[in-house]
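Heads up, model-v4.cif below (mmCIF, C-alpha atoms):
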```
data_protein
#
loop_
_atom_site.label_atom_id
_atom_site.label_comp_id
_atom_site.auth_asym_id
_atom_site.auth_seq_id
_atom_site.Cartn_x
_atom_site.Cartn_y
_atom_site.Cartn_z
CA MET A 1 -76.16 332.61 36.61
CA THR A 2 -77.01 330.43 33.75
CA GLU A 3 -74.89 327.52 32.71
CA ALA A 4 -73.71 329.36 29.59
CA MET A 5 -72.24 332.12 31.63
CA ILE A 6 -70.26 329.68 33.77
CA ARG A 7 -68.96 327.39 31.07
CA LYS A 8 -68.67 329.72 28.15
CA LYS A 9 -65.92 329.45 25.63
CA ALA A 10 -64.39 332.47 24.00
CA GLY A 11 -66.17 333.30 20.78
CA MET A 12 -68.96 330.67 20.85
CA ALA A 13 -71.94 331.40 18.70
CA SER A 14 -74.71 329.52 20.64
CA VAL A 15 -75.30 327.33 23.59
CA LYS A 16 -74.92 324.31 21.34
CA ASP A 17 -71.18 324.98 21.08
CA MET A 18 -70.64 324.87 24.81
CA PRO A 19 -67.87 322.52 25.94
CA VAL A 20 -69.40 319.35 27.35
CA LEU A 21 -69.22 318.48 31.02
CA GLN A 22 -69.36 314.70 31.26
CA ASP A 23 -68.46 312.01 33.74
CA GLY A 24 -66.10 309.94 31.79
CA PRO A 25 -63.39 307.39 32.17
CA PRO A 26 -60.01 308.36 33.50
CA PRO A 27 -57.33 309.04 30.93
CA GLY A 28 -56.07 305.77 29.55
CA GLY A 29 -59.32 304.03 30.27
CA PHE A 30 -60.32 301.71 33.07
CA ALA A 31 -58.47 298.52 34.01
CA PRO A 32 -59.66 295.42 32.12
CA VAL A 33 -62.42 293.38 33.90
CA ARG A 34 -62.82 289.63 33.38
CA PHE A 35 -66.42 288.64 32.87
CA ALA A 36 -66.00 285.25 31.22
CA ARG A 37 -67.17 282.05 33.08
CA ARG A 38 -64.43 280.00 34.68
CA ILE A 39 -66.36 277.19 36.45
CA PRO A 40 -63.73 274.69 37.77
CA ASN A 41 -64.04 271.07 36.82
CA LYS A 42 -62.55 269.55 39.99
CA GLY A 43 -64.33 267.81 42.91
CA PRO A 44 -65.89 264.33 43.22
CA SER A 45 -66.86 262.52 40.09
CA ALA A 46 -70.34 261.20 39.38
CA MET A 47 -69.41 257.66 40.38
CA ALA A 48 -67.91 258.93 43.63
CA ILE A 49 -71.08 260.84 44.50
CA PHE A 50 -73.24 257.86 43.65
CA LEU A 51 -71.14 255.49 45.74
CA ALA A 52 -71.17 257.90 48.69
CA THR A 53 -74.96 258.22 48.51
CA PHE A 54 -75.44 254.48 48.17
CA GLY A 55 -73.04 253.87 51.05
CA ALA A 56 -74.78 256.35 53.35
CA PHE A 57 -78.18 254.89 52.50
CA SER A 58 -77.07 251.30 53.08
CA TRP A 59 -75.42 252.14 56.39
CA GLY A 60 -78.58 253.96 57.45
CA MET A 61 -80.79 251.02 56.53
CA TYR A 62 -78.46 248.66 58.36
CA GLN A 63 -78.83 250.81 61.49
CA VAL A 64 -82.62 250.78 61.01
CA GLY A 65 -82.56 246.99 60.84
CA LYS A 66 -80.45 246.73 63.99
CA GLY A 67 -82.82 249.08 65.81
CA ASN A 68 -85.82 247.08 64.64
CA LYS A 69 -84.29 243.89 66.02
CA ILE A 70 -83.75 245.54 69.38
CA ARG A 71 -87.30 246.91 69.44
CA ARG A 72 -88.73 243.55 68.46
CA ALA A 73 -86.81 241.90 71.30
CA LEU A 74 -88.28 244.43 73.74
CA LYS A 75 -91.78 243.84 72.43
CA GLU A 76 -91.26 240.08 72.65
CA GLU A 77 -90.21 240.45 76.27
CA LYS A 78 -93.40 242.39 77.04
CA TYR A 79 -95.60 239.90 75.20
CA ALA A 80 -93.95 236.92 76.90
CA ALA A 81 -94.62 238.49 80.31
CA ARG A 82 -98.26 239.07 79.36
CA ARG A 83 -98.56 235.48 78.14
CA ALA A 84 -97.14 234.23 81.44
CA ILE A 85 -99.66 236.06 83.64
CA LEU A 86 -102.68 235.65 81.33
CA PRO A 87 -103.94 232.36 82.86
CA MET A 88 -103.79 233.84 86.37
CA LEU A 89 -105.88 236.85 85.35
CA GLN A 90 -108.34 234.71 83.38
CA ALA A 91 -108.75 232.33 86.33
CA GLU A 92 -109.47 235.23 88.70
CA GLU A 93 -111.99 236.66 86.24
CA ASP A 94 -113.63 233.24 85.87
CA GLU A 95 -114.14 232.98 89.63
CA ARG A 96 -115.69 236.43 89.75
CA PHE A 97 -117.88 235.71 86.72
CA VAL A 98 -119.20 232.42 88.09
CA LYS A 99 -120.17 234.12 91.34
CA GLU A 100 -121.99 236.92 89.50
CA TRP A 101 -123.61 234.48 87.08
CA LYS A 102 -125.05 232.41 89.93
CA LYS A 103 -126.52 235.56 91.45
CA TYR A 104 -127.95 236.53 88.07
CA LEU A 105 -129.53 233.10 87.56
CA GLU A 106 -131.17 233.24 90.98
CA GLU A 107 -132.50 236.72 90.17
CA GLU A 108 -133.87 235.49 86.84
CA ALA A 109 -135.53 232.49 88.48
CA ARG A 110 -137.10 234.79 91.08
CA ILE A 111 -138.45 237.19 88.44
CA MET A 112 -139.73 234.55 86.04
CA LYS A 113 -141.02 231.99 88.52
CA ASP A 114 -144.67 232.67 87.66
CA VAL A 115 -144.21 232.69 83.89
CA PRO A 116 -145.43 229.41 82.42
CA GLY A 117 -143.10 227.76 79.99
CA TRP A 118 -139.99 229.61 81.07
CA LYS A 119 -137.69 226.63 81.05
CA VAL A 120 -134.94 227.06 83.58
CA GLY A 121 -132.70 229.78 84.82
CA GLU A 122 -130.36 229.42 81.85
CA ASN A 123 -131.54 230.06 78.29
CA VAL A 124 -128.83 230.48 75.68
CA TYR A 125 -128.20 229.66 72.03
CA HIS A 126 -128.69 226.22 70.48
CA SER A 127 -125.22 225.67 69.05
CA GLY A 128 -124.00 223.90 72.15
CA ARG A 129 -120.95 226.11 72.73
CA TRP A 130 -120.86 228.44 75.68
CA MET A 131 -121.27 232.08 74.67
CA PRO A 132 -120.59 235.05 76.94
CA PRO A 133 -123.78 236.76 78.05
CA ALA A 134 -125.04 239.17 75.42
CA THR A 135 -125.29 242.74 76.65
CA GLY A 136 -126.39 244.25 73.35
CA GLU A 137 -123.07 246.08 72.99
CA LEU A 138 -121.55 245.84 69.55
CA ARG A 139 -117.94 246.01 70.70
CA PRO A 140 -117.97 245.04 74.38
CA HIS A 141 -114.22 245.18 74.75
CA ILE A 142 -114.39 248.95 74.17
CA TRP A 143 -116.39 250.50 76.91
CA MET B 1 -97.13 252.09 96.49
CA THR B 2 -94.40 251.14 98.88
CA SER B 3 -95.18 247.54 99.79
CA THR B 4 -96.42 244.55 97.87
CA VAL B 5 -98.09 242.80 100.82
CA ASP B 6 -101.43 243.39 102.41
CA THR B 7 -102.20 243.44 106.12
CA ALA B 8 -101.85 239.66 106.51
CA GLY B 9 -98.39 239.65 104.97
CA GLU B 10 -99.53 237.96 101.76
CA PRO B 11 -98.35 239.46 98.46
CA VAL B 12 -101.19 241.17 96.60
CA PRO B 13 -101.17 240.13 92.92
CA THR B 14 -101.27 243.60 91.36
CA SER B 15 -100.34 244.11 87.73
CA SER B 16 -96.94 245.57 88.55
CA LEU B 17 -96.06 242.68 90.87
CA LEU B 18 -97.26 240.10 88.35
CA MET B 19 -95.31 241.71 85.52
CA ALA B 20 -92.23 241.92 87.74
CA ALA B 21 -92.45 238.21 88.56
CA ALA B 22 -93.63 237.23 85.06
CA LYS B 23 -90.44 235.40 84.11
CA HIS B 24 -90.61 233.31 87.28
CA ILE B 25 -94.31 232.61 86.74
CA GLY B 26 -93.62 231.60 83.16
CA THR B 27 -91.11 228.97 84.17
CA LYS B 28 -92.34 227.72 87.55
CA CYS B 29 -96.10 227.59 86.81
CA ARG B 30 -95.79 226.56 83.18
CA GLY B 31 -97.62 223.23 83.60
CA GLU B 32 -100.64 224.72 85.32
CA ASN B 33 -100.83 227.56 82.81
CA LEU B 34 -100.78 225.24 79.82
CA ALA B 35 -103.37 222.91 81.35
CA PHE B 36 -105.69 225.83 82.04
CA LEU B 37 -105.29 227.23 78.52
CA LYS B 38 -105.94 223.84 76.97
CA CYS B 39 -109.08 223.47 79.08
CA LYS B 40 -110.20 226.91 77.97
CA LYS B 41 -109.59 226.11 74.31
CA ASP B 42 -111.70 222.96 74.55
CA ASP B 43 -114.58 224.66 76.37
CA PRO B 44 -114.66 228.41 77.01
CA ASN B 45 -117.30 227.98 79.73
CA PRO B 46 -115.81 229.44 82.92
CA GLU B 47 -117.60 226.94 85.14
CA LYS B 48 -115.89 223.99 83.47
CA CYS B 49 -112.33 225.15 84.13
CA LEU B 50 -112.71 226.41 87.67
CA ASP B 51 -110.54 223.69 89.22
CA LYS B 52 -107.64 224.23 86.81
CA GLY B 53 -108.04 227.95 87.35
CA ARG B 54 -107.74 227.41 91.07
CA GLN B 55 -104.55 225.42 90.52
CA VAL B 56 -103.13 228.31 88.48
CA THR B 57 -104.06 230.85 91.14
CA GLN B 58 -102.60 228.71 93.92
CA CYS B 59 -99.35 228.15 92.01
CA VAL B 60 -98.92 231.85 91.32
CA LEU B 61 -99.75 232.92 94.87
CA HIS B 62 -97.38 230.33 96.38
CA LEU B 63 -94.68 231.51 93.99
CA LEU B 64 -95.24 235.12 94.97
CA ARG B 65 -95.06 234.16 98.63
CA ASP B 66 -91.78 232.31 98.09
CA LEU B 67 -90.31 235.23 96.19
CA HIS B 68 -91.41 237.60 98.92
CA GLN B 69 -89.76 235.40 101.55
CA ASN B 70 -86.47 234.93 99.73
CA CYS B 71 -85.77 238.36 98.22
CA SER B 72 -88.43 240.72 99.45
CA LYS B 73 -86.35 243.89 99.23
CA GLU B 74 -85.34 243.42 95.58
CA LEU B 75 -88.85 242.27 94.68
CA ASP B 76 -90.38 245.32 96.35
CA ALA B 77 -87.94 247.62 94.55
CA TYR B 78 -88.60 246.01 91.18
CA ALA B 79 -92.38 245.97 91.61
CA GLY B 80 -92.28 249.57 92.80
CA CYS B 81 -90.28 250.60 89.75
CA MET B 82 -92.75 248.75 87.53
CA TYR B 83 -95.63 250.51 89.26
CA TYR B 84 -93.97 253.88 88.74
CA HIS B 85 -93.25 253.26 85.05
CA THR B 86 -96.49 251.30 84.33
CA ASN B 87 -94.93 247.96 83.49
CA GLU B 88 -92.29 249.21 81.08
CA PHE B 89 -89.42 246.76 81.27
CA GLU B 90 -86.88 248.99 79.55
CA LEU B 91 -87.12 251.66 82.27
CA CYS B 92 -86.47 249.24 85.13
CA ARG B 93 -83.37 247.39 83.95
CA LYS B 94 -81.34 248.15 87.08
CA GLU B 95 -83.94 246.82 89.49
CA GLN B 96 -84.52 243.85 87.21
CA LYS B 97 -80.83 242.93 87.30
CA GLU B 98 -80.74 243.23 91.10
CA PHE B 99 -83.87 241.11 91.41
CA GLU B 100 -82.62 238.38 89.12
CA LYS B 101 -79.29 238.35 90.90
CA ALA B 102 -81.04 237.89 94.27
CA CYS B 103 -83.74 235.42 93.21
CA THR B 104 -82.30 233.51 90.28
CA LEU B 105 -84.71 232.06 87.76
#
```
Show me this structure written as structure tokens.
Amino acid sequence: MTEAMIRKKAGMASVKDMPVLQDGPPPGGFAPVRFARRIPNKGPSAMAIFLATFGAFSWGMYQVGKGNKIRRALKEEKYAARRAILPMLQAEEDERFVKEWKKYLEEEARIMKDVPGWKVGENVYHSGRWMPPATGELRPHIW
Amino acid sequence: MTSTVDTAGEPVPTSSLLMAAAKHIGTKCRGENLAFLKCKKDDPNPEKCLDKGRQVTQCVLHLLRDLHQNCSKELDAYAGCMYYHTNEFELCRKEQKEFEKACTL
């Protein structure tokens, strides 16, 4: 039935006098709970942390330097090998170029043999130095 | 590529073979190389340095032939390793050591 019929007290005048039904603490109260901060003050000091960081960084940079020396030695080995075989490759290319250039000069003489005033087979700049034949390419080393 | 010689038995100067023998070329043909480079610096015209270029080519080819006669197996192994790893010295250290033990510099 209604709440008043279940929890009624003898001789109460209105519902307002009903005994309360609450969820409360156990008799004697709860056990005490610590909620204050207790941050410990042990562990490495500031100087210790700084020295450890500085030490790790220096050791790391020392390893980087050692690795760079090794890598530079490897690169030097590769460059020295390239320097050693460069004249051979250039000489072979020169032979091939001279052969092709002679063919080109003959072709030019054949084409221009009826043009008056076309000096000779070879017609390059006036500076006196030898220049490689101009192909109109801006960066000929990149195909 | 299994062999460094062509049909006549002459070593073919491919890039892997040249790089494999580069240390030998650098020491044995040093004079010819320097003369050719000096000639080139004075006049870059290819026709002017043809004779020195021929000396360089002859020196290198003779050297390759000698190497092929003295230690052909190690040279073939080293050049083959270079060919496989596209002229990367660090990946062919074993063959390099064998080659330099067989044909000392």
- request: Specify as a PyMOL selection string each residue included when the PyMOL selection byres ((chain B and resi 83-97) around 9) is applied to this file.
  value: (chain A and resi 74+77-78) or (chain B and resi 1+15-17+19-20+74-75+77-82+98-102)
Chain A contacts on chain B, only C-alpha atoms, 9 Å, as a PDB file with C-alpha atoms, keeping the file's coordinate frame:
```
ATOM      1  CA  LEU B  18     -97.260 240.100  88.350  1.00  0.00           C
ATOM      2  CA  MET B  19     -95.310 241.710  85.520  1.00  0.00           C
ATOM      3  CA  ALA B  20     -92.230 241.920  87.740  1.00  0.00           C
ATOM      4  CA  ALA B  21     -92.450 238.210  88.560  1.00  0.00           C
ATOM      5  CA  ALA B  22     -93.630 237.230  85.060  1.00  0.00           C
ATOM      6  CA  LYS B  23     -90.440 235.400  84.110  1.00  0.00           C
ATOM      7  CA  HIS B  24     -90.610 233.310  87.280  1.00  0.00           C
ATOM      8  CA  ILE B  25     -94.310 232.610  86.740  1.00  0.00           C
ATOM      9  CA  GLY B  26     -93.620 231.600  83.160  1.00  0.00           C
ATOM     10  CA  THR B  27     -91.110 228.970  84.170  1.00  0.00           C
ATOM     11  CA  CYS B  29     -96.100 227.590  86.810  1.00  0.00           C
ATOM     12  CA  ARG B  30     -95.790 226.560  83.180  1.00  0.00           C
ATOM     13  CA  GLU B  32    -100.640 224.720  85.320  1.00  0.00           C
ATOM     14  CA  ASN B  33    -100.830 227.560  82.810  1.00  0.00           C
ATOM     15  CA  LEU B  34    -100.780 225.240  79.820  1.00  0.00           C
ATOM     16  CA  PHE B  36    -105.690 225.830  82.040  1.00  0.00           C
ATOM     17  CA  LEU B  37    -105.290 227.230  78.520  1.00  0.00           C
ATOM     18  CA  ASP B  43    -114.580 224.660  76.370  1.00  0.00           C
ATOM     19  CA  PRO B  44    -114.660 228.410  77.010  1.00  0.00           C
ATOM     20  CA  ASN B  45    -117.300 227.980  79.730  1.00  0.00           C
ATOM     21  CA  PRO B  46    -115.810 229.440  82.920  1.00  0.00           C
ATOM     22  CA  GLU B  47    -117.600 226.940  85.140  1.00  0.00           C
ATOM     23  CA  CYS B  49    -112.330 225.150  84.130  1.00  0.00           C
ATOM     24  CA  LEU B  50    -112.710 226.410  87.670  1.00  0.00           C
ATOM     25  CA  LYS B  52    -107.640 224.230  86.810  1.00  0.00           C
ATOM     26  CA  GLY B  53    -108.040 227.950  87.350  1.00  0.00           C
ATOM     27  CA  ARG B  54    -107.740 227.410  91.070  1.00  0.00           C
ATOM     28  CA  VAL B  56    -103.130 228.310  88.480  1.00  0.00           C
ATOM     29  CA  THR B  57    -104.060 230.850  91.140  1.00  0.00           C
ATOM     30  CA  VAL B  60     -98.920 231.850  91.320  1.00  0.00           C
ATOM     31  CA  ASN B  87     -94.930 247.960  83.490  1.00  0.00           C
ATOM     32  CA  GLU B  88     -92.290 249.210  81.080  1.00  0.00           C
ATOM     33  CA  PHE B  89     -89.420 246.760  81.270  1.00  0.00           C
ATOM     34  CA  GLU B  90     -86.880 248.990  79.550  1.00  0.00           C
TER      35      GLU B  90
END
```
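Here atom CA of A:Gly43 is placed at a distance of 29.1 Å from atom CA of A:Gln63.
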task: Calculate how many Å separate atom CA of A:Glu108 from atom CA of A:Asn123, rounding to one decimal.
output: 10.4 Å
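When atom CA of B:Ala35 is paired with atom CA of B:Lys48, their separation reads 12.7 Å.
Nearest residue to B:Asn70 among B:Thr104, B:Asp42, B:Val12, B:Asp51 is B:Thr104, counting all atoms listed in the file.
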task: Name the residues captured by the PyMOL selection byres ((chain A and resi 21) around 12) when it is applied to the shown file; answer as an NGL selection string.
output: :A and (3-4 or 6-8 or 18-20 or 22-24)
Long-range neighbours of B:Pro11 as JSON, numbers by chain, 8 Å cut-off, all atoms listed in the file, 2 positions minimum in chain: {"B": [4, 5, 6, 9, 13, 61, 64, 65, 68]}
Distance query A:Ala109 at most 9 Å, only C-alpha atoms, self and fewer than 3 positions along chain excluded, as an mmCIF file with C-alpha atoms, keeping the file's coordinate frame:
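Written file, out23.cif:
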```cif
data_model
loop_
_atom_site.group_PDB
_atom_site.id
_atom_site.type_symbol
_atom_site.label_atom_id
_atom_site.label_comp_id
_atom_site.auth_asym_id
_atom_site.auth_seq_id
_atom_site.Cartn_x
_atom_site.Cartn_y
_atom_site.Cartn_z
ATOM 1 C CA TYR A 104 -127.950 236.530 88.070
ATOM 2 C CA LEU A 105 -129.530 233.100 87.560
ATOM 3 C CA GLU A 106 -131.170 233.240 90.980
ATOM 4 C CA MET A 112 -139.730 234.550 86.040
ATOM 5 C CA LYS A 113 -141.020 231.990 88.520
ATOM 6 C CA VAL A 120 -134.940 227.060 83.580
ATOM 7 C CA GLY A 121 -132.700 229.780 84.820
ATOM 8 C CA GLU A 122 -130.360 229.420 81.850
#
```
Is it possible to add N, CA, C and O atoms to stretch 68-94 of chain A and hand it back as a short mmCIF file (atom, residue, chain, number, x, y, z; two decimals), in the coordinates of the input?
```cif
data_model
loop_
_atom_site.label_atom_id
_atom_site.label_comp_id
_atom_site.auth_asym_id
_atom_site.auth_seq_id
_atom_site.Cartn_x
_atom_site.Cartn_y
_atom_site.Cartn_z
N ASN A 68 -84.58 247.85 64.68
CA ASN A 68 -85.82 247.08 64.64
C ASN A 68 -85.68 245.78 65.39
O ASN A 68 -86.61 245.34 66.08
N LYS A 69 -84.49 245.14 65.27
CA LYS A 69 -84.29 243.89 66.02
C LYS A 69 -84.36 244.15 67.51
O LYS A 69 -85.00 243.40 68.27
N ILE A 70 -83.73 245.23 67.95
CA ILE A 70 -83.75 245.54 69.38
C ILE A 70 -85.18 245.81 69.84
O ILE A 70 -85.64 245.30 70.86
N ARG A 71 -85.92 246.59 69.04
CA ARG A 71 -87.30 246.91 69.44
C ARG A 71 -88.17 245.67 69.45
O ARG A 71 -89.03 245.50 70.32
N ARG A 72 -87.92 244.76 68.48
CA ARG A 72 -88.73 243.55 68.46
C ARG A 72 -88.42 242.70 69.68
O ARG A 72 -89.32 242.08 70.26
N ALA A 73 -87.15 242.66 70.09
CA ALA A 73 -86.81 241.90 71.30
C ALA A 73 -87.52 242.49 72.52
O ALA A 73 -88.05 241.76 73.36
N LEU A 74 -87.58 243.82 72.61
CA LEU A 74 -88.28 244.43 73.74
C LEU A 74 -89.76 244.07 73.73
O LEU A 74 -90.35 243.75 74.76
N LYS A 75 -90.36 244.16 72.51
CA LYS A 75 -91.78 243.84 72.43
C LYS A 75 -92.01 242.38 72.79
O LYS A 75 -92.98 242.04 73.48
N GLU A 76 -91.09 241.50 72.34
CA GLU A 76 -91.26 240.08 72.65
C GLU A 76 -91.19 239.85 74.16
O GLU A 76 -91.92 239.01 74.69
N GLU A 77 -90.30 240.60 74.82
CA GLU A 77 -90.21 240.45 76.27
C GLU A 77 -91.54 240.82 76.92
O GLU A 77 -92.06 240.11 77.79
N LYS A 78 -92.13 241.96 76.47
CA LYS A 78 -93.40 242.39 77.04
C LYS A 78 -94.50 241.38 76.77
O LYS A 78 -95.29 241.03 77.65
N TYR A 79 -94.54 240.85 75.52
CA TYR A 79 -95.60 239.90 75.20
C TYR A 79 -95.43 238.61 75.97
O TYR A 79 -96.41 237.98 76.39
N ALA A 80 -94.17 238.16 76.15
CA ALA A 80 -93.95 236.92 76.90
C ALA A 80 -94.41 237.09 78.34
O ALA A 80 -95.02 236.18 78.91
N ALA A 81 -94.15 238.26 78.93
CA ALA A 81 -94.62 238.49 80.31
C ALA A 81 -96.14 238.46 80.36
O ALA A 81 -96.74 237.85 81.25
N ARG A 82 -96.79 239.08 79.35
CA ARG A 82 -98.26 239.07 79.36
C ARG A 82 -98.79 237.66 79.20
O ARG A 82 -99.76 237.26 79.85
N ARG A 83 -98.12 236.86 78.33
CA ARG A 83 -98.56 235.48 78.14
C ARG A 83 -98.41 234.69 79.43
O ARG A 83 -99.19 233.78 79.70
N ALA A 84 -97.38 235.00 80.22
CA ALA A 84 -97.14 234.23 81.44
C ALA A 84 -98.22 234.51 82.48
O ALA A 84 -98.64 233.60 83.19
N ILE A 85 -98.69 235.76 82.58
CA ILE A 85 -99.66 236.06 83.64
C ILE A 85 -101.10 235.97 83.16
O ILE A 85 -102.02 236.10 83.95
N LEU A 86 -101.30 235.74 81.84
CA LEU A 86 -102.68 235.65 81.33
C LEU A 86 -103.53 234.61 82.02
O LEU A 86 -104.66 234.91 82.41
N PRO A 87 -103.06 233.35 82.22
CA PRO A 87 -103.94 232.36 82.86
C PRO A 87 -104.36 232.78 84.27
O PRO A 87 -105.51 232.55 84.66
N MET A 88 -103.44 233.40 85.01
CA MET A 88 -103.79 233.84 86.37
C MET A 88 -104.95 234.85 86.32
O MET A 88 -105.94 234.71 87.05
N LEU A 89 -104.83 235.83 85.43
CA LEU A 89 -105.88 236.85 85.35
C LEU A 89 -107.19 236.25 84.88
O LEU A 89 -108.27 236.58 85.39
N GLN A 90 -107.11 235.33 83.90
CA GLN A 90 -108.34 234.71 83.38
C GLN A 90 -108.99 233.87 84.47
O GLN A 90 -110.22 233.85 84.60
N ALA A 91 -108.18 233.16 85.27
CA ALA A 91 -108.75 232.33 86.33
C ALA A 91 -109.46 233.20 87.36
O ALA A 91 -110.57 232.88 87.82
N GLU A 92 -108.82 234.34 87.73
CA GLU A 92 -109.47 235.23 88.70
C GLU A 92 -110.78 235.76 88.14
O GLU A 92 -111.81 235.82 88.84
N GLU A 93 -110.77 236.14 86.85
CA GLU A 93 -111.99 236.66 86.24
C GLU A 93 -113.07 235.59 86.19
O GLU A 93 -114.25 235.88 86.37
N ASP A 94 -112.65 234.32 85.92
CA ASP A 94 -113.63 233.24 85.87
C ASP A 94 -114.32 233.07 87.22
O ASP A 94 -115.55 232.90 87.29
#
```
